[in-house]
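This report refers to the structure that appears directly beneath it.
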Amino acid sequence: MCEHDHIAGPTPKKQLERRHVLAGAAALAGLGMTSFLPTSAMAAQPAGAPSALPLAKPGTDSKVQPIVIQGGSIIDPETGHVIEDAVVVLAQGKVKAMGTRDETRKAVREVGSSAAVINAHGKFVLPGLVDAHVHAQSFEDTALILSHGATTVRSGSSSFYQDIALARVSQYAPGLSPRMHAAGLFVSPDQGDSILADPDLAPLAAKRNQLTDPKDLAHLTRVNIARGATVIKTRSNPRAGIPEQDPLELVYDQEQLSAVVHAAKGAGVLCHSYSAKGIAGAVAAGVRSIEHGVFMDEKTMVRMAKQGTYFTPTLFGIAGMKDSSNPILAARGKEYGPLLAEAARAANELGVTVIGGTDSFGTDVTPIGDEANALAEAGLSKLQALQSITTAPAKLLGVAKHGVGRLSVRGVADVVVLDSNPLETSKALSQVKVVIAQGAVVRNDLA
């Protein structure tokens with residue numbers, strides 16, 4: 001719902017209510033060795049002693065210990081194919097091998113006693129999940145996002161380029177931040193003090209609270225790209241999560257949004273939109289994805305399917321407004337929640353690719369699995385719900401070839417282990433037991 005997108009401008013007079021505040025990251029622990037390793041490796045351990053696999057720690061050496069995940073069922077989100085009693089070998093930040101025990105035996109021997117083992121018997125092994133809409137600006141934020149299994153995220157903007165900095169962190173401290181596709185500053189009318197984030201934005205200072213000229217929007221977009229943004233966030237409507245604002249009012253029209261898309265030079269533009277007119281204008285302007293999209297009409301859905309425009313409904317957050325103590329927000333949640341669920345269902349049926357995004361802000365983090373489950377309840381199949389937070393956003397972000405969204409040999413070492421089968425119940429996507437990001441363990445509940 002981007003109720004927090006005011007981060008690029010002045011703070012509203014009335015304090016925003018939080019949709020849901022989670023208790024914090026799950027307890028973390030070491031991993032245990034099992035008899036799958038060679039006898040020589042077991043001999044190096046005292047009888048009955050676990051093999052200590054330290055969790056990723058801030059500021060540590062980027063080298064991480066090889067890991068063998070054995071005994072679980074590997075699920076391929078692209079096809080739904082399952083390999084039972086499977087093994088995944090991770091080394092040097094990559095998937096060294098994966099498949100049956102016979103297929104991976106050589107790789108297991110090669111990592112030998114240097115590896116630690118996760119016994120995933122009875123569990124389900126998937127690639128790291130993808131959250132296509134977050135607002136992370138601190139290490140505390142990213143720790144919570146990672147703890148729920150999102151090892152790759154797309155930023156919905158930050159106030160002073162924190163997301164761009166976080167995008168670099170994983171190169172130096174594996175497991176400290178997800179793979180971040182950063183947007184930089186929100187291309188929106190109200191910039192406020194965010195203009196001070198870069199001296200190249202000084203020419204916009206006089207217009208900092210009313211940035212509307214297409215040339216100025218293009219300039220802000222180009223500065224974002226120069227700073228390292230790989231996606232761009234803009235809007236066609238105000239926020240639904242601010243009671244004083246009308247989310248159906250038009251903020252930017254097709255001409256203004258086209259200026260942003262053109263200046264982005266191939267960086268995918270995500271557009272915060274609610275009204276049918278706002279959504280249609282954004283799609284016509286060539287944005288890469290529509291965020292929220294409550295009042296999306298069928299004509300626009302057909303065009304989105306034809307153009308390959310993605311849809312990120314953020315169902316969980318929008319519906320969550322119904323529990324607000326503010327009567328305006330509660331009324332919007334009650335009205336918008338069912339409408340948005342229907343839009344997600346209809347768009348999916350018309351061939352639009354629907355992807356999962358939580359719109360999490362700061363430490364107010366929604367598990368990405370909860371969003372996928374909401375999409376399943378809206379009408380996506382269980383496999384499509386899984387794809388909405390794996391293969392589909394990986395394709396949107398152009399990183400599927402690197403193994404994001406689908407485990408593959410030589411692909412990135414991002415893995416989650418679930419307690420139950422997501423092809424049987426989409427609620428399983430919230431039952432995360434192990435999270436490995438960039439080859440480093442950041443959560444392990446199986447030790």
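Chain labels A, B, ... are given in the sequence in which chains occur in the structure tokens; within each chain residues are numbered consecutively from 1, and ligands are likewise numbered from 1 in the order shown.
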
Residue contacts of Ala378 of chain A (9 Å, only C-alpha atoms) excluding same-chain residues fewer than 4 positions away, as a PyMOL selection string: chain A and resi 315+338+340-345+373-374

Written file, previous selection with C-alpha atoms, as a CSV table (one decimal), in the first residue's frame:
chain,number,residue,atom,x,y,z
A,315,LEU,CA,-2.5,-7.9,-0.9
A,338,PRO,CA,-11.7,-7.7,-1.7
A,340,LEU,CA,-7.6,-6.0,-4.9
A,341,ALA,CA,-8.0,-9.8,-4.4
A,342,GLU,CA,-10.4,-9.8,-7.3
A,343,ALA,CA,-8.0,-7.7,-9.4
A,344,ALA,CA,-5.2,-10.2,-8.7
A,345,ARG,CA,-7.3,-13.1,-9.7
A,373,ASN,CA,-0.5,-17.3,0.7
A,374,ALA,CA,-2.8,-14.3,0.2

Can you tell me which residues surround Gln171 of chain A at a distance of at most 10 Å, considering only C-alpha atoms, apart from same-chain residues fewer than 5 positions away, and format the answer as a short mmCIF file (atom, residue, chain, number, x, y, z; two decimals) with C-alpha atoms, in the first residue's frame?
data_model
loop_
_atom_site.label_atom_id
_atom_site.label_comp_id
_atom_site.auth_asym_id
_atom_site.auth_seq_id
_atom_site.Cartn_x
_atom_site.Cartn_y
_atom_site.Cartn_z
CA SER A 62 33.38 -12.78 3.11
CA LEU A 166 22.65 -2.07 1.18
CA LEU A 176 23.93 -9.33 6.26
CA SER A 177 21.58 -8.02 3.56
CA ARG A 179 20.44 -9.13 -2.79
CA GLN A 438 24.99 -15.70 -0.30
#

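Using only C-alpha atoms for every distance, the candidate list A:Ala116, A:Ala97, A:Ala132, A:Arg239 yields A:Ala97 as the residue closest to Leu407 of chain A.
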
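DSSP secondary structure from the backbone places Gly268, Val269, Leu270, Cys271, His272, Ser273, Ser289, Ile290, Glu291, His292, Tyr310, Phe311, Thr312 and Val354 of chain A of segment 262-357 of chain A in strand (DSSP E or B).
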
Filtering to N, CA, C and O atoms, could you give me those residues as a PDB file, in the first residue's frame?
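The result, written out as again12.pdb:
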ATOM      1  N   GLY A 268      14.069  -0.941 -14.665  1.00  0.00           N
ATOM      2  CA  GLY A 268      12.641  -1.188 -14.525  1.00  0.00           C
ATOM      3  C   GLY A 268      11.967  -0.174 -13.627  1.00  0.00           C
ATOM      4  O   GLY A 268      12.434   0.087 -12.517  1.00  0.00           O
ATOM      5  N   VAL A 269      10.875   0.415 -14.087  1.00  0.00           N
ATOM      6  CA  VAL A 269      10.137   1.396 -13.301  1.00  0.00           C
ATOM      7  C   VAL A 269       8.933   0.730 -12.650  1.00  0.00           C
ATOM      8  O   VAL A 269       8.106   0.117 -13.334  1.00  0.00           O
ATOM      9  N   LEU A 270       8.841   0.830 -11.321  1.00  0.00           N
ATOM     10  CA  LEU A 270       7.657   0.346 -10.613  1.00  0.00           C
ATOM     11  C   LEU A 270       6.811   1.547 -10.234  1.00  0.00           C
ATOM     12  O   LEU A 270       7.325   2.558  -9.762  1.00  0.00           O
ATOM     13  N   CYS A 271       5.508   1.439 -10.448  1.00  0.00           N
ATOM     14  CA  CYS A 271       4.636   2.599 -10.291  1.00  0.00           C
ATOM     15  C   CYS A 271       3.520   2.335  -9.294  1.00  0.00           C
ATOM     16  O   CYS A 271       2.692   1.441  -9.488  1.00  0.00           O
ATOM     17  N   HIS A 272       3.510   3.116  -8.218  1.00  0.00           N
ATOM     18  CA  HIS A 272       2.480   3.095  -7.184  1.00  0.00           C
ATOM     19  C   HIS A 272       1.190   3.659  -7.792  1.00  0.00           C
ATOM     20  O   HIS A 272       1.132   4.828  -8.160  1.00  0.00           O
ATOM     21  N   SER A 273       0.159   2.820  -7.937  1.00  0.00           N
ATOM     22  CA  SER A 273      -1.074   3.241  -8.608  1.00  0.00           C
ATOM     23  C   SER A 273      -2.292   2.600  -7.958  1.00  0.00           C
ATOM     24  O   SER A 273      -2.248   1.434  -7.557  1.00  0.00           O
ATOM     25  N   SER A 289       6.180  -2.425 -13.824  1.00  0.00           N
ATOM     26  CA  SER A 289       5.212  -3.100 -12.953  1.00  0.00           C
ATOM     27  C   SER A 289       4.301  -2.086 -12.286  1.00  0.00           C
ATOM     28  O   SER A 289       4.686  -0.941 -12.039  1.00  0.00           O
ATOM     29  N   ILE A 290       3.091  -2.540 -12.003  1.00  0.00           N
ATOM     30  CA  ILE A 290       2.101  -1.758 -11.268  1.00  0.00           C
ATOM     31  C   ILE A 290       2.081  -2.261  -9.832  1.00  0.00           C
ATOM     32  O   ILE A 290       1.937  -3.464  -9.589  1.00  0.00           O
ATOM     33  N   GLU A 291       2.198  -1.325  -8.884  1.00  0.00           N
ATOM     34  CA  GLU A 291       2.165  -1.666  -7.468  1.00  0.00           C
ATOM     35  C   GLU A 291       0.791  -1.296  -6.904  1.00  0.00           C
ATOM     36  O   GLU A 291       0.308  -0.188  -7.118  1.00  0.00           O
ATOM     37  N   HIS A 292       0.177  -2.219  -6.199  1.00  0.00           N
ATOM     38  CA  HIS A 292      -1.129  -2.054  -5.538  1.00  0.00           C
ATOM     39  C   HIS A 292      -2.274  -2.269  -6.532  1.00  0.00           C
ATOM     40  O   HIS A 292      -2.930  -3.281  -6.487  1.00  0.00           O
ATOM     41  N   TYR A 310       4.188  -6.324 -15.246  1.00  0.00           N
ATOM     42  CA  TYR A 310       3.948  -7.149 -14.068  1.00  0.00           C
ATOM     43  C   TYR A 310       2.986  -6.439 -13.106  1.00  0.00           C
ATOM     44  O   TYR A 310       2.798  -5.221 -13.190  1.00  0.00           O
ATOM     45  N   PHE A 311       2.428  -7.205 -12.187  1.00  0.00           N
ATOM     46  CA  PHE A 311       1.475  -6.683 -11.211  1.00  0.00           C
ATOM     47  C   PHE A 311       1.881  -7.140  -9.822  1.00  0.00           C
ATOM     48  O   PHE A 311       1.978  -8.343  -9.558  1.00  0.00           O
ATOM     49  N   THR A 312       2.150  -6.179  -8.921  1.00  0.00           N
ATOM     50  CA  THR A 312       2.497  -6.467  -7.527  1.00  0.00           C
ATOM     51  C   THR A 312       1.370  -5.942  -6.636  1.00  0.00           C
ATOM     52  O   THR A 312       1.382  -4.777  -6.240  1.00  0.00           O
ATOM     53  N   VAL A 354       1.589 -12.039 -11.963  1.00  0.00           N
ATOM     54  CA  VAL A 354       1.375 -11.465 -10.637  1.00  0.00           C
ATOM     55  C   VAL A 354       2.529 -11.875  -9.736  1.00  0.00           C
ATOM     56  O   VAL A 354       2.881 -13.061  -9.655  1.00  0.00           O
TER      57      VAL A 354
END

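Minimum distance to Leu257 of chain A across A:Ile242, A:Ala205, A:Ala282, A:Ala226 (counting only C-alpha atoms) occurs at A:Ala282.
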
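Distances from A:Lys306, A:Lys106, A:His262, A:Lys94 to Leu350 of chain A were compared using only C-alpha atoms, and the smallest one belongs to A:Lys306.
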
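The list of residues with at least one atom within 7 Å of segment 135-144 of chain A, based on only C-alpha atoms and without residues fewer than 6 positions apart in the same chain, reads Gly24, Ala25, Ser155, Gly156, Ser157, Ser158, Gln162, Asp163, Leu176, Ser177, Pro178, Asp359, Ser360, Phe361, Gly362, Thr363 and Val365 of chain A.
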
Nearby residues (only C-alpha atoms) at most 9 Å from Glu249 of chain A, same-chain spacing under 3 positions excluded, as a PyMOL selection string: chain A and resi 236-238+245-246+274-275+278

Residue set, segment 208-388 of chain A restricted to alpha helix (DSSP H), as a VMD selection string: chain A and resid 214 to 227 254 to 264 276 to 285 298 to 307 315 to 320 327 to 349 368 to 378 382 to 387
